[in-house]
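Taking it in order: structure first as structure tokens, then the write-up.
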Number of protein chains: 2
Amino acid sequence: MKRRLLLVSNSTLHGSGYLDHCQQHISHFFGKDVKRILFVPYALHDRDAYTKTARDKFKTLGGGNTFRLLKSLYDNKVVTEIRRRVLEDGVPYMGSSAGTNVATVSINTTNDMPIVYPPSFSAIGLVPFNINPHYLDTDPNSRHMGETREQRITQYHEEADTPCVLGLREGSLLLVEGNKATLLGTTKARLFSR
Amino acid sequence: MKRRLLLVSNSTLHGSGYLDHCQQHISHFFGKDVKRILFVPYALHDRDAYTKTARDKFKTLGGGNTFRLLKSLYDNKVVTEIRRRVLEDGVPYMGSSAGTNVATVSINTTNDMPIVYPPSFSAIGLVPFNINPHYLDTDPNSRHMGETREQRITQYHEEADTPCVLGLREGSLLLVEGNKATLLGTTKARLFSR
């Protein structure tokens with residue numbers, strides 16, 4: 001399997017500029033010979049503005065709303081084609097946040113609001129596990145009573161046949177080359193299994 | 001329309017016990033003559049334990065995971081029946097968190113993780129608007145780069161034909177009697193329109 005993926009938790013890290021925290025990894029991942037990048041702007045509403053921003057500033061490559069992104073990938077019938085090109089032809093894939101979620105088994109572990117209804121939660125399936133981007137450790141001082149991220153992922157694992165979930169903290173990214181995955185960045189990750 | 005609904009943002013408020021913050025409203029809402037309450041335990045995995053907890057402690061009535069709750073309502077074919085009983089027969093409905101989300105137009109504005117795939121995001125439709133429970137104001141000191149609640153609801157309103165969204169802060173609840181809705185509790189709410 002030829003796959004080469006770079007799956008980023010988040011595009012902007014507090015206190016630094018767009019993709020600053022993983023700039024070197026991105027340059028190294030694509031290399032000097034890459035002339036063109038296919039940018040998928042489906043995750044935000046104004047696609048032209050989003051594409052311009054991405055082109056100008058190399059901003060949130062694949063970020064935005066996960067439900068909107070996956071629904072548009074299905075509506076435009078490109079899910080299978082992206083999977084084929086990445087897994088069989090070795091076309092490099094990079095995603096951040098929403099773009100990371102859609103690269104995995106399913107979007108069941110996104111943090112996003114379900115603003116649109118995709119025909120399935122199954123995603124492109126470039127790796128055999130799920131990712132929770134922007135992973136947040138439990139804050140013992142929080143007064144908010146919503147479920148913690150850990151509780152949410154535990155609820156997911158109460159369902160049958162659910163894959164492992166990698167909680168990728170902001171500042172972390174995963175480099176996948178063939179059957180090898182390497183965790184990069186400074187903040188590490190947490191792996192949840194059923 | 002006979003509907004009588006009590007839609008609670010959250011069952012537990014930081015620093016107080018289960019449903020303490022709305023205990024009086026609940027007693028008043030159901031009144032002295034109500035002998036039996038139908039509790040819907042679909043939103044958590046272990047339904048027996050959840051029912052026992054709810055019976056013992058009058059805990060999170062209708063809380064849990066919104067996707068799991070709505071999927072089970074559809075799987076058990078009770079969505080239409082609950083709507084009919086509440087809107088036509090005037091059976092009182094009370095929900096908290098997930099139980100509040102499923103009472104509205106759709107679950108598009110839940111905060112929960114999409115751990116299961118319901119056949120639709122359309123919900124019971126007891127009111128003609130959506131609610132975002134556990135509503136959180138933007139924290140200007142946050143270092144986390146995920147979207148704020150306001151940004152998420154704004155993204156929802158970029159979609160066509162989306163209803164108003166009531167951001168119900170923890171500690172708030174909405175009493176609906178016929179065509180009149182009254183905001184109760186101490187923390188107020190924020191109304192977003194498209």
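Following the order of the structure tokens, chains are lettered A, B, ..., residues in each are numbered from 1, and ligands are numbered from 1.
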
Show me which bits of chain A are within 6 Å of chain B, counting only C-alpha atoms, as a VMD selection string. chain A and resid 14 108 114 to 115 143 156

Could you pull out all residues of segment 1-190 of chain A with a DSSP call of helix (DSSP H, G or I) and give them as a PyMOL selection string? chain A and resi 20-30+47-57+66-75+79-87+98-101+149-157

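Note that DSSP on the backbone gives strand (DSSP E) to these residues of segment 77-170 of chain B: Tyr93, Met94, Gly95, Ser96, Asn130, Ile131, Asn132, Pro133, His134, Tyr135, Val165, Leu166, Gly167, Leu168 and Arg169 of chain B.
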
Same residues, C-alpha atoms, saved as a compact mmCIF listing (two decimals), in the first residue's frame:
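The new file part-v7.txt reads:
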# COMPACT_ATOMS: atom_id res chain seq x y z
CA TYR B 93 -43.06 16.38 27.96
CA MET B 94 -39.91 17.10 29.87
CA GLY B 95 -36.39 16.77 28.49
CA SER B 96 -32.92 17.77 29.57
CA ASN B 130 -33.96 24.45 17.50
CA ILE B 131 -32.16 24.60 20.83
CA ASN B 132 -28.48 24.47 21.66
CA PRO B 133 -28.33 23.17 25.27
CA HIS B 134 -25.31 23.77 27.53
CA TYR B 135 -24.86 27.02 25.59
CA VAL B 165 -31.68 28.47 17.46
CA LEU B 166 -32.11 29.19 21.15
CA GLY B 167 -28.77 28.99 22.97
CA LEU B 168 -29.91 27.76 26.39
CA ARG B 169 -27.21 28.33 29.01

Write out as a ChimeraX atom specification the residues lying within 9 Å of His21 of chain A, counting only C-alpha atoms and excluding same-chain residues fewer than 3 positions away. /A:11-13,16-18,24-25,171-172,185-186

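Of the residues under consideration (B:Gly125, B:Thr104, B:Phe67, B:Glu88), B:Thr104 shows the shortest atom-to-atom contact distance to Leu174 of chain B when counting only C-alpha atoms.
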
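Of the listed residues A:Arg47, A:Arg83, A:Lys32, A:Lys77, the one whose atoms come nearest to Leu5 of chain A is A:Arg83, with distances taken using only C-alpha atoms.
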
With only C-alpha atoms as the counted atoms, please give the residues lying no more than 10 Å from Lys180 of chain B, apart from itself and same-chain residues fewer than 5 positions off, as a ChimeraX atom specification. /B:3-4,175

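The gap separating atom CA of Val40 of chain B from atom CA of Leu70 of chain B is 10.7 Å, in Å to one decimal.
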